[in-house]
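What follows is a single structure, written as structure tokens, with notes after it.
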Protein chains: 2
Amino acid sequence: MKPFLVKLSISGRHLHISREDLDALFGPNYQLTKFQDISQHGQWTAHEKVTLLGPKGQLDNVRILGPVRPQTQVEVSRTDATKLGVNPPVRESGDLSGTVGLTLLSPAGKKVELREGVMIAARHIHFSPEQAREHSLTDGDQLSVQINGQRGGVLHHVIVRVRSDYDEDLHVDTDEANALGIKNDSQGIVIGKSSL
Amino acid sequence: MKPFLVKLSISGRHLHISREDLDALFGPNYQLTKFQDISQHGQWTAHEKVTLLGPKGQLDNVRILGPVRPQTQVEVSRTDATKLGVNPPVRESGDLSGTVGLTLLSPAGKKVELREGVMIAARHIHFSPEQAREHSLTDGDQLSVQINGQRGGVLHHVIVRVRSDYDEDLHVDTDEANALGIKNDSQGIVIGKSSL
């Protein structure tokens, strides 16, 4: 694999929501309203926000991403989790079995108690099938990515995710961005594959 | 340099305080009271805590470290700084020229307006002179340190600090710990020198 530059994007805390939980929080058949498109095709941030309530604290104004999904998935950083008082695992999107719960609170005061769905997103890099082929990569590969600068370093175990509606983009969370001096216009260098 | 294991410690937000600022916050000739010794000889956490007030938010119960120092130095993470609404540089301890300010608030409601002293501590590793000699290291060297695990990676630019009252210990802040899955009993592997 030849090293290549990759664009970095920072994912702040957010949630994907199920039809059932959206109805419970905002009313029957409620339709999310689009705020902004995001880097992956067909996904967007909604105007709608909720509060996350944990046993030790709360986080307000957490944005919902659309469209609705089969199961609600709340993505927080380890810093967020400590504030909330929950201990979620680091997971890939969609892998929610054995994750932890918390309470969602709508602006109108409606609550949903999640039994699971709260995770810390494993850092990952999106590719279209063509982009993956170009770099000889397969869905599920793990990459090592170098970040330059005063707080520079290398992130191992960046998971490759390939799908036809994806576009090349490496997603880190706010802890990873803050620790390594990554900004939303930063670039990384994929230096090789890594394995656990 | 031969690779070697090193103990990791996580520094949460804290401050070192000057005699003048301590007097202003807690009263003339106030003496800090020791809570716990920390890993570096002669330094300790105090029972006394203050609130940090920034233009966008505040952080309560921030612990003072003793003994008093010539100038007040507030060490926060990038996450903390974002919450406060300040933009401090990443610096070595004591290098405060050009750092940013904020307001300190005592439990009794006394305030001190700092014009500078707020920084994000550059990750660093303490050594006694004997320990530094053993690894052929000099004060000011920069090391690359590998962290294993699901969120593993490499931290470049870990600054070597050598002093007779120091003991081998690598200090990261909470963002770095959270991003790389570092806990207070974690170990890293010093894999070589790094330079900017």
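Letters for chains follow the order of the structure tokens (A, B, ...), residue numbers begin at 1 for each chain, and ligand numbers begin at 1 in the order shown.
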
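Here the DSSP assignment of strand (DSSP E or B), based on backbone atoms, applies within segment 60-93 of chain B to Asp60, Asn61, Val62, Arg63, Ile64, Leu65, Gly66, Pro67, Val68, Arg69, Gln73, Val74, Glu75, Val90 and Arg91 of chain B.
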
Convert the current residue selection to file output with all heavy atoms, as a short mmCIF file (atom, residue, chain, number, x, y, z; two decimals), in the first residue's frame.
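This went into again-v9.cif:
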data_model
loop_
_atom_site.label_atom_id
_atom_site.label_comp_id
_atom_site.auth_asym_id
_atom_site.auth_seq_id
_atom_site.Cartn_x
_atom_site.Cartn_y
_atom_site.Cartn_z
N ASP B 60 -16.15 24.11 37.47
CA ASP B 60 -16.14 24.19 38.93
C ASP B 60 -15.16 23.19 39.53
O ASP B 60 -14.78 22.22 38.89
CB ASP B 60 -17.55 23.88 39.46
CG ASP B 60 -18.58 24.87 38.94
OD1 ASP B 60 -18.28 26.08 38.90
OD2 ASP B 60 -19.69 24.43 38.57
N ASN B 61 -14.80 23.42 40.77
CA ASN B 61 -14.02 22.45 41.56
C ASN B 61 -12.71 22.07 40.90
O ASN B 61 -12.35 20.91 40.82
CB ASN B 61 -14.85 21.17 41.79
CG ASN B 61 -16.09 21.45 42.61
OD1 ASN B 61 -16.01 22.16 43.61
ND2 ASN B 61 -17.23 20.94 42.16
N VAL B 62 -11.99 23.07 40.44
CA VAL B 62 -10.67 22.83 39.84
C VAL B 62 -9.62 22.94 40.94
O VAL B 62 -9.51 23.96 41.63
CB VAL B 62 -10.40 23.83 38.71
CG1 VAL B 62 -9.02 23.60 38.10
CG2 VAL B 62 -11.48 23.71 37.64
N ARG B 63 -8.86 21.87 41.10
CA ARG B 63 -7.98 21.74 42.25
C ARG B 63 -6.68 22.53 42.07
O ARG B 63 -6.11 22.57 40.99
CB ARG B 63 -7.66 20.27 42.50
CG ARG B 63 -7.28 19.96 43.91
CD ARG B 63 -7.03 18.47 44.11
NE ARG B 63 -8.23 17.68 44.30
CZ ARG B 63 -8.90 17.59 45.45
NH1 ARG B 63 -8.51 18.28 46.50
NH2 ARG B 63 -9.96 16.82 45.55
N ILE B 64 -6.25 23.14 43.18
CA ILE B 64 -4.95 23.83 43.22
C ILE B 64 -3.87 22.81 43.58
O ILE B 64 -4.10 21.92 44.40
CB ILE B 64 -4.98 24.97 44.26
CG1 ILE B 64 -6.06 26.01 43.87
CG2 ILE B 64 -3.61 25.63 44.39
CD1 ILE B 64 -6.25 27.12 44.90
N LEU B 65 -2.69 22.91 42.93
CA LEU B 65 -1.54 22.11 43.31
C LEU B 65 -0.55 22.99 44.07
O LEU B 65 -0.34 24.17 43.72
CB LEU B 65 -0.84 21.53 42.08
CG LEU B 65 -1.22 20.08 41.71
CD1 LEU B 65 -2.68 19.96 41.36
CD2 LEU B 65 -0.36 19.55 40.58
N GLY B 66 0.04 22.43 45.11
CA GLY B 66 1.02 23.16 45.88
C GLY B 66 2.42 22.62 45.62
O GLY B 66 2.56 21.55 45.03
N PRO B 67 3.47 23.31 46.06
CA PRO B 67 3.41 24.60 46.76
C PRO B 67 3.17 25.78 45.82
O PRO B 67 3.06 25.58 44.62
CB PRO B 67 4.82 24.68 47.37
CG PRO B 67 5.69 23.89 46.45
CD PRO B 67 4.83 22.80 45.89
N VAL B 68 3.06 26.98 46.39
CA VAL B 68 2.84 28.17 45.56
C VAL B 68 4.03 28.35 44.61
O VAL B 68 5.14 27.91 44.88
CB VAL B 68 2.63 29.46 46.40
CG1 VAL B 68 1.35 29.38 47.22
CG2 VAL B 68 3.81 29.78 47.25
N ARG B 69 3.75 29.01 43.48
CA ARG B 69 4.75 29.24 42.44
C ARG B 69 4.87 30.74 42.17
O ARG B 69 3.98 31.50 42.53
CB ARG B 69 4.33 28.56 41.14
CG ARG B 69 4.46 27.06 41.16
CD ARG B 69 4.41 26.54 39.74
NE ARG B 69 4.52 25.08 39.70
CZ ARG B 69 4.54 24.36 38.59
NH1 ARG B 69 4.46 24.96 37.41
NH2 ARG B 69 4.64 23.05 38.63
N GLN B 73 -0.49 29.37 37.04
CA GLN B 73 -0.52 28.62 35.79
C GLN B 73 -1.73 27.69 35.82
O GLN B 73 -1.83 26.82 36.67
CB GLN B 73 0.77 27.82 35.66
CG GLN B 73 0.81 26.88 34.46
CD GLN B 73 2.18 26.23 34.29
OE1 GLN B 73 3.21 26.90 34.32
NE2 GLN B 73 2.19 24.91 34.13
N VAL B 74 -2.64 27.88 34.87
CA VAL B 74 -3.86 27.09 34.79
C VAL B 74 -3.71 26.12 33.64
O VAL B 74 -3.47 26.53 32.50
CB VAL B 74 -5.09 27.99 34.57
CG1 VAL B 74 -6.37 27.16 34.50
CG2 VAL B 74 -5.20 29.06 35.66
N GLU B 75 -3.83 24.81 33.91
CA GLU B 75 -3.67 23.78 32.88
C GLU B 75 -5.01 23.13 32.59
O GLU B 75 -5.61 22.51 33.46
CB GLU B 75 -2.64 22.74 33.32
CG GLU B 75 -1.27 23.35 33.57
CD GLU B 75 -0.22 22.33 34.00
OE1 GLU B 75 -0.24 21.19 33.51
OE2 GLU B 75 0.62 22.69 34.85
N VAL B 90 -0.58 25.29 23.33
CA VAL B 90 0.03 24.11 23.95
C VAL B 90 1.44 24.51 24.38
O VAL B 90 2.24 24.94 23.54
CB VAL B 90 0.07 22.93 22.96
CG1 VAL B 90 0.77 21.73 23.56
CG2 VAL B 90 -1.34 22.56 22.50
N ARG B 91 1.74 24.39 25.65
CA ARG B 91 3.00 24.91 26.18
C ARG B 91 3.63 23.97 27.20
O ARG B 91 2.95 23.17 27.82
CB ARG B 91 2.75 26.25 26.90
CG ARG B 91 2.49 27.43 25.99
CD ARG B 91 3.75 27.79 25.21
NE ARG B 91 3.47 28.92 24.32
CZ ARG B 91 3.51 30.20 24.70
NH1 ARG B 91 3.79 30.51 25.96
NH2 ARG B 91 3.24 31.15 23.84
#

Pick out the chain A residues within 6 Å of chain B. Count only C-alpha atoms. Give them as a list in words.
Arg78, Gly152, Gly153, Val154, Leu155, His156, Asp175, Glu176, Asn178 and Ala179 of chain A

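Of all the residues in segment 32-194 of chain A, the ones DSSP labels as helix (DSSP H, G or I) from the backbone are Arg78, Thr79, Asp80, Ala81, Thr82, Lys83, Leu84, Pro129, Glu130, Gln131, Ala132, Arg133, Glu134, Thr174, Asp175, Glu176, Ala177, Asn178, Ala179 and Leu180 of chain A.
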
How about saving the chosen residues, N, CA, C and O atoms kept, as a CSV table (one decimal), in the first residue's frame?
chain,number,residue,atom,x,y,z
A,78,ARG,N,-15.5,9.8,25.0
A,78,ARG,CA,-15.2,9.3,26.3
A,78,ARG,C,-15.4,10.5,27.3
A,78,ARG,O,-15.9,10.3,28.4
A,79,THR,N,-15.0,11.7,26.9
A,79,THR,CA,-15.2,12.8,27.8
A,79,THR,C,-16.7,13.0,28.1
A,79,THR,O,-17.0,13.2,29.3
A,80,ASP,N,-17.5,13.0,27.1
A,80,ASP,CA,-18.9,13.1,27.3
A,80,ASP,C,-19.5,12.0,28.2
A,80,ASP,O,-20.3,12.3,29.1
A,81,ALA,N,-19.0,10.8,28.0
A,81,ALA,CA,-19.5,9.6,28.7
A,81,ALA,C,-19.1,9.8,30.2
A,81,ALA,O,-20.0,9.5,31.1
A,82,THR,N,-18.0,10.3,30.5
A,82,THR,CA,-17.6,10.5,31.9
A,82,THR,C,-18.5,11.6,32.5
A,82,THR,O,-18.9,11.4,33.7
A,83,LYS,N,-18.8,12.6,31.8
A,83,LYS,CA,-19.7,13.6,32.3
A,83,LYS,C,-21.1,13.1,32.6
A,83,LYS,O,-21.7,13.4,33.6
A,84,LEU,N,-21.6,12.2,31.7
A,84,LEU,CA,-22.9,11.6,31.8
A,84,LEU,C,-22.9,10.5,32.9
A,84,LEU,O,-24.0,10.3,33.5
A,129,PRO,N,-16.5,2.1,-3.3
A,129,PRO,CA,-15.8,0.9,-3.7
A,129,PRO,C,-14.6,1.2,-4.7
A,129,PRO,O,-13.6,0.6,-4.6
A,130,GLU,N,-14.8,2.2,-5.5
A,130,GLU,CA,-13.7,2.6,-6.5
A,130,GLU,C,-12.5,3.1,-5.7
A,130,GLU,O,-11.4,2.8,-6.0
A,131,GLN,N,-12.8,4.0,-4.7
A,131,GLN,CA,-11.7,4.5,-3.9
A,131,GLN,C,-10.9,3.4,-3.1
A,131,GLN,O,-9.7,3.4,-3.0
A,132,ALA,N,-11.7,2.5,-2.6
A,132,ALA,CA,-11.1,1.4,-1.9
A,132,ALA,C,-10.2,0.6,-2.8
A,132,ALA,O,-9.0,0.2,-2.4
A,133,ARG,N,-10.7,0.3,-4.0
A,133,ARG,CA,-9.9,-0.5,-5.0
A,133,ARG,C,-8.6,0.2,-5.3
A,133,ARG,O,-7.6,-0.4,-5.4
A,134,GLU,N,-8.7,1.5,-5.5
A,134,GLU,CA,-7.5,2.3,-5.9
A,134,GLU,C,-6.4,2.2,-4.9
A,134,GLU,O,-5.2,2.2,-5.2
A,174,THR,N,-14.3,14.1,19.0
A,174,THR,CA,-13.7,15.4,19.5
A,174,THR,C,-12.5,15.1,20.4
A,174,THR,O,-11.5,15.9,20.5
A,175,ASP,N,-12.5,14.0,21.2
A,175,ASP,CA,-11.3,13.7,22.0
A,175,ASP,C,-10.1,13.4,21.1
A,175,ASP,O,-9.0,13.9,21.4
A,176,GLU,N,-10.3,12.7,20.1
A,176,GLU,CA,-9.1,12.4,19.2
A,176,GLU,C,-8.6,13.7,18.5
A,176,GLU,O,-7.4,13.9,18.4
A,177,ALA,N,-9.6,14.5,18.1
A,177,ALA,CA,-9.2,15.8,17.4
A,177,ALA,C,-8.5,16.7,18.4
A,177,ALA,O,-7.4,17.2,18.1
A,178,ASN,N,-9.0,16.8,19.6
A,178,ASN,CA,-8.3,17.7,20.6
A,178,ASN,C,-7.0,17.2,21.0
A,178,ASN,O,-6.0,17.9,21.2
A,179,ALA,N,-6.8,15.8,21.1
A,179,ALA,CA,-5.6,15.3,21.6
A,179,ALA,C,-4.5,15.4,20.6
A,179,ALA,O,-3.3,15.5,20.9
A,180,LEU,N,-4.8,15.4,19.3
A,180,LEU,CA,-3.8,15.4,18.2
A,180,LEU,C,-3.8,16.7,17.4
A,180,LEU,O,-3.1,16.8,16.4

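In this structure, atom CA of His47 of chain B sits 21.8 Å away from atom CA of Glu113 of chain B.
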
One number please: atom CA of His126 of chain A to atom CA of Thr51 of chain A, in Å, one decimal.
28.4 Å

Do a neighbour search on Ser39 of chain A at 10 Å with only C-alpha atoms, toss out local chain neighbours closer than 3 positions, and write the hits as a PDB file with all heavy atoms, in the first residue's frame.
ATOM      1  N   SER A   9     -12.359  14.625   9.235  1.00  0.00           N
ATOM      2  CA  SER A   9     -13.551  15.312   9.720  1.00  0.00           C
ATOM      3  C   SER A   9     -13.773  14.944  11.178  1.00  0.00           C
ATOM      4  O   SER A   9     -13.508  13.804  11.581  1.00  0.00           O
ATOM      5  CB  SER A   9     -14.785  14.907   8.914  1.00  0.00           C
ATOM      6  OG  SER A   9     -14.666  15.305   7.565  1.00  0.00           O
ATOM      7  N   GLN A  36     -28.357  20.491   7.550  1.00  0.00           N
ATOM      8  CA  GLN A  36     -27.241  20.529   6.591  1.00  0.00           C
ATOM      9  C   GLN A  36     -26.926  19.121   6.096  1.00  0.00           C
ATOM     10  O   GLN A  36     -26.982  18.163   6.860  1.00  0.00           O
ATOM     11  CB  GLN A  36     -25.963  21.063   7.270  1.00  0.00           C
ATOM     12  CG  GLN A  36     -25.956  22.561   7.474  1.00  0.00           C
ATOM     13  CD  GLN A  36     -24.684  23.044   8.164  1.00  0.00           C
ATOM     14  OE1 GLN A  36     -24.149  22.340   9.020  1.00  0.00           O
ATOM     15  NE2 GLN A  36     -24.212  24.214   7.795  1.00  0.00           N
ATOM     16  N   GLY A  42     -26.693  11.265   1.324  1.00  0.00           N
ATOM     17  CA  GLY A  42     -27.990  10.865   1.852  1.00  0.00           C
ATOM     18  C   GLY A  42     -28.118  11.021   3.357  1.00  0.00           C
ATOM     19  O   GLY A  42     -29.173  10.743   3.917  1.00  0.00           O
ATOM     20  N   GLN A  43     -27.050  11.431   4.009  1.00  0.00           N
ATOM     21  CA  GLN A  43     -27.129  11.685   5.455  1.00  0.00           C
ATOM     22  C   GLN A  43     -27.058  13.184   5.705  1.00  0.00           C
ATOM     23  O   GLN A  43     -26.419  13.915   4.974  1.00  0.00           O
ATOM     24  CB  GLN A  43     -25.986  10.979   6.191  1.00  0.00           C
ATOM     25  CG  GLN A  43     -26.044   9.472   6.023  1.00  0.00           C
ATOM     26  CD  GLN A  43     -25.231   8.759   7.102  1.00  0.00           C
ATOM     27  OE1 GLN A  43     -25.264   9.088   8.270  1.00  0.00           O
ATOM     28  NE2 GLN A  43     -24.480   7.750   6.690  1.00  0.00           N
ATOM     29  N   TRP A  44     -27.742  13.632   6.732  1.00  0.00           N
ATOM     30  CA  TRP A  44     -27.817  15.070   7.009  1.00  0.00           C
ATOM     31  C   TRP A  44     -28.072  15.302   8.483  1.00  0.00           C
ATOM     32  O   TRP A  44     -28.561  14.437   9.208  1.00  0.00           O
ATOM     33  CB  TRP A  44     -28.933  15.713   6.171  1.00  0.00           C
ATOM     34  CG  TRP A  44     -30.131  14.837   5.952  1.00  0.00           C
ATOM     35  CD1 TRP A  44     -30.325  13.931   4.944  1.00  0.00           C
ATOM     36  CD2 TRP A  44     -31.308  14.755   6.783  1.00  0.00           C
ATOM     37  NE1 TRP A  44     -31.533  13.303   5.076  1.00  0.00           N
ATOM     38  CE2 TRP A  44     -32.164  13.786   6.189  1.00  0.00           C
ATOM     39  CE3 TRP A  44     -31.730  15.402   7.947  1.00  0.00           C
ATOM     40  CZ2 TRP A  44     -33.413  13.454   6.739  1.00  0.00           C
ATOM     41  CZ3 TRP A  44     -32.974  15.076   8.494  1.00  0.00           C
ATOM     42  CH2 TRP A  44     -33.797  14.110   7.889  1.00  0.00           C
ATOM     43  N   HIS A 126     -14.226   6.332   5.519  1.00  0.00           N
ATOM     44  CA  HIS A 126     -15.186   5.946   4.492  1.00  0.00           C
ATOM     45  C   HIS A 126     -14.514   5.921   3.121  1.00  0.00           C
ATOM     46  O   HIS A 126     -13.693   6.786   2.815  1.00  0.00           O
ATOM     47  CB  HIS A 126     -16.326   6.983   4.426  1.00  0.00           C
ATOM     48  CG  HIS A 126     -17.164   7.049   5.655  1.00  0.00           C
ATOM     49  ND1 HIS A 126     -18.248   6.231   5.864  1.00  0.00           N
ATOM     50  CD2 HIS A 126     -17.106   7.841   6.746  1.00  0.00           C
ATOM     51  CE1 HIS A 126     -18.815   6.518   7.014  1.00  0.00           C
ATOM     52  NE2 HIS A 126     -18.145   7.497   7.580  1.00  0.00           N
ATOM     53  N   TYR A 166     -20.643   5.994   0.032  1.00  0.00           N
ATOM     54  CA  TYR A 166     -19.605   6.645   0.853  1.00  0.00           C
ATOM     55  C   TYR A 166     -18.637   7.414  -0.020  1.00  0.00           C
ATOM     56  O   TYR A 166     -18.458   7.098  -1.198  1.00  0.00           O
ATOM     57  CB  TYR A 166     -18.819   5.610   1.660  1.00  0.00           C
ATOM     58  CG  TYR A 166     -19.539   5.077   2.887  1.00  0.00           C
ATOM     59  CD1 TYR A 166     -19.009   3.987   3.573  1.00  0.00           C
ATOM     60  CD2 TYR A 166     -20.712   5.646   3.364  1.00  0.00           C
ATOM     61  CE1 TYR A 166     -19.637   3.477   4.700  1.00  0.00           C
ATOM     62  CE2 TYR A 166     -21.346   5.137   4.486  1.00  0.00           C
ATOM     63  CZ  TYR A 166     -20.810   4.056   5.148  1.00  0.00           C
ATOM     64  OH  TYR A 166     -21.412   3.548   6.259  1.00  0.00           O
ATOM     65  N   ASP A 167     -17.986   8.397   0.599  1.00  0.00           N
ATOM     66  CA  ASP A 167     -16.942   9.161  -0.073  1.00  0.00           C
ATOM     67  C   ASP A 167     -15.759   9.297   0.892  1.00  0.00           C
ATOM     68  O   ASP A 167     -15.942   9.414   2.106  1.00  0.00           O
ATOM     69  CB  ASP A 167     -17.478  10.542  -0.472  1.00  0.00           C
ATOM     70  CG  ASP A 167     -16.559  11.245  -1.453  1.00  0.00           C
ATOM     71  OD1 ASP A 167     -15.769  10.559  -2.135  1.00  0.00           O
ATOM     72  OD2 ASP A 167     -16.637  12.481  -1.526  1.00  0.00           O
ATOM     73  N   GLU A 168     -14.551   9.288   0.348  1.00  0.00           N
ATOM     74  CA  GLU A 168     -13.332   9.229   1.169  1.00  0.00           C
ATOM     75  C   GLU A 168     -13.299  10.323   2.235  1.00  0.00           C
ATOM     76  O   GLU A 168     -13.307  11.522   1.909  1.00  0.00           O
ATOM     77  CB  GLU A 168     -12.108   9.343   0.241  1.00  0.00           C
ATOM     78  CG  GLU A 168     -10.795   9.028   0.930  1.00  0.00           C
ATOM     79  CD  GLU A 168      -9.641   8.936  -0.061  1.00  0.00           C
ATOM     80  OE1 GLU A 168      -9.789   8.268  -1.102  1.00  0.00           O
ATOM     81  OE2 GLU A 168      -8.604   9.557   0.200  1.00  0.00           O
ATOM     82  N   ASP A 169     -13.221   9.924   3.491  1.00  0.00           N
ATOM     83  CA  ASP A 169     -13.264  10.868   4.611  1.00  0.00           C
ATOM     84  C   ASP A 169     -12.963  10.093   5.885  1.00  0.00           C
ATOM     85  O   ASP A 169     -13.565   9.044   6.129  1.00  0.00           O
ATOM     86  CB  ASP A 169     -14.673  11.480   4.701  1.00  0.00           C
ATOM     87  CG  ASP A 169     -14.718  12.770   5.500  1.00  0.00           C
ATOM     88  OD1 ASP A 169     -13.650  13.363   5.730  1.00  0.00           O
ATOM     89  OD2 ASP A 169     -15.824  13.175   5.880  1.00  0.00           O
TER      90      ASP A 169
END

Close residues, Val100 of chain A itself excluded, 7 Å, only C-alpha atoms, min 4 positions apart in chain, as a PDB file with all heavy atoms, in the first residue's frame:
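Dumped to out.pdb:
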ATOM      1  N   PRO A  88     -19.744   3.531  27.910  1.00  0.00           N
ATOM      2  CA  PRO A  88     -20.015   2.842  26.645  1.00  0.00           C
ATOM      3  C   PRO A  88     -18.746   2.239  26.040  1.00  0.00           C
ATOM      4  O   PRO A  88     -17.651   2.750  26.256  1.00  0.00           O
ATOM      5  CB  PRO A  88     -20.542   3.958  25.741  1.00  0.00           C
ATOM      6  CG  PRO A  88     -20.000   5.213  26.305  1.00  0.00           C
ATOM      7  CD  PRO A  88     -19.719   4.992  27.761  1.00  0.00           C
ATOM      8  N   ARG A 115     -32.340   1.341  26.531  1.00  0.00           N
ATOM      9  CA  ARG A 115     -31.659   0.270  27.265  1.00  0.00           C
ATOM     10  C   ARG A 115     -30.281   0.033  26.686  1.00  0.00           C
ATOM     11  O   ARG A 115     -29.372  -0.418  27.362  1.00  0.00           O
ATOM     12  CB  ARG A 115     -32.486  -1.011  27.205  1.00  0.00           C
ATOM     13  CG  ARG A 115     -33.319  -1.137  28.479  1.00  0.00           C
ATOM     14  CD  ARG A 115     -33.888  -2.516  28.598  1.00  0.00           C
ATOM     15  NE  ARG A 115     -35.249  -2.520  28.089  1.00  0.00           N
ATOM     16  CZ  ARG A 115     -35.977  -3.612  27.991  1.00  0.00           C
ATOM     17  NH1 ARG A 115     -35.477  -4.785  28.324  1.00  0.00           N
ATOM     18  NH2 ARG A 115     -37.205  -3.540  27.555  1.00  0.00           N
ATOM     19  N   GLU A 116     -30.107   0.321  25.398  1.00  0.00           N
ATOM     20  CA  GLU A 116     -28.790   0.245  24.772  1.00  0.00           C
ATOM     21  C   GLU A 116     -28.763   1.216  23.608  1.00  0.00           C
ATOM     22  O   GLU A 116     -29.763   1.854  23.300  1.00  0.00           O
ATOM     23  CB  GLU A 116     -28.469  -1.184  24.309  1.00  0.00           C
ATOM     24  CG  GLU A 116     -29.396  -1.701  23.221  1.00  0.00           C
ATOM     25  CD  GLU A 116     -28.976  -3.089  22.718  1.00  0.00           C
ATOM     26  OE1 GLU A 116     -28.235  -3.810  23.414  1.00  0.00           O
ATOM     27  OE2 GLU A 116     -29.402  -3.437  21.607  1.00  0.00           O
ATOM     28  N   GLY A 117     -27.603   1.328  22.971  1.00  0.00           N
ATOM     29  CA  GLY A 117     -27.485   2.205  21.811  1.00  0.00           C
ATOM     30  C   GLY A 117     -26.434   3.298  21.975  1.00  0.00           C
ATOM     31  O   GLY A 117     -26.129   4.016  21.029  1.00  0.00           O
ATOM     32  N   VAL A 118     -25.869   3.408  23.193  1.00  0.00           N
ATOM     33  CA  VAL A 118     -24.875   4.461  23.436  1.00  0.00           C
ATOM     34  C   VAL A 118     -23.481   3.874  23.249  1.00  0.00           C
ATOM     35  O   VAL A 118     -23.120   2.870  23.866  1.00  0.00           O
ATOM     36  CB  VAL A 118     -25.011   5.039  24.855  1.00  0.00           C
ATOM     37  CG1 VAL A 118     -24.019   6.180  25.055  1.00  0.00           C
ATOM     38  CG2 VAL A 118     -26.444   5.499  25.093  1.00  0.00           C
TER      39      VAL A 118
END
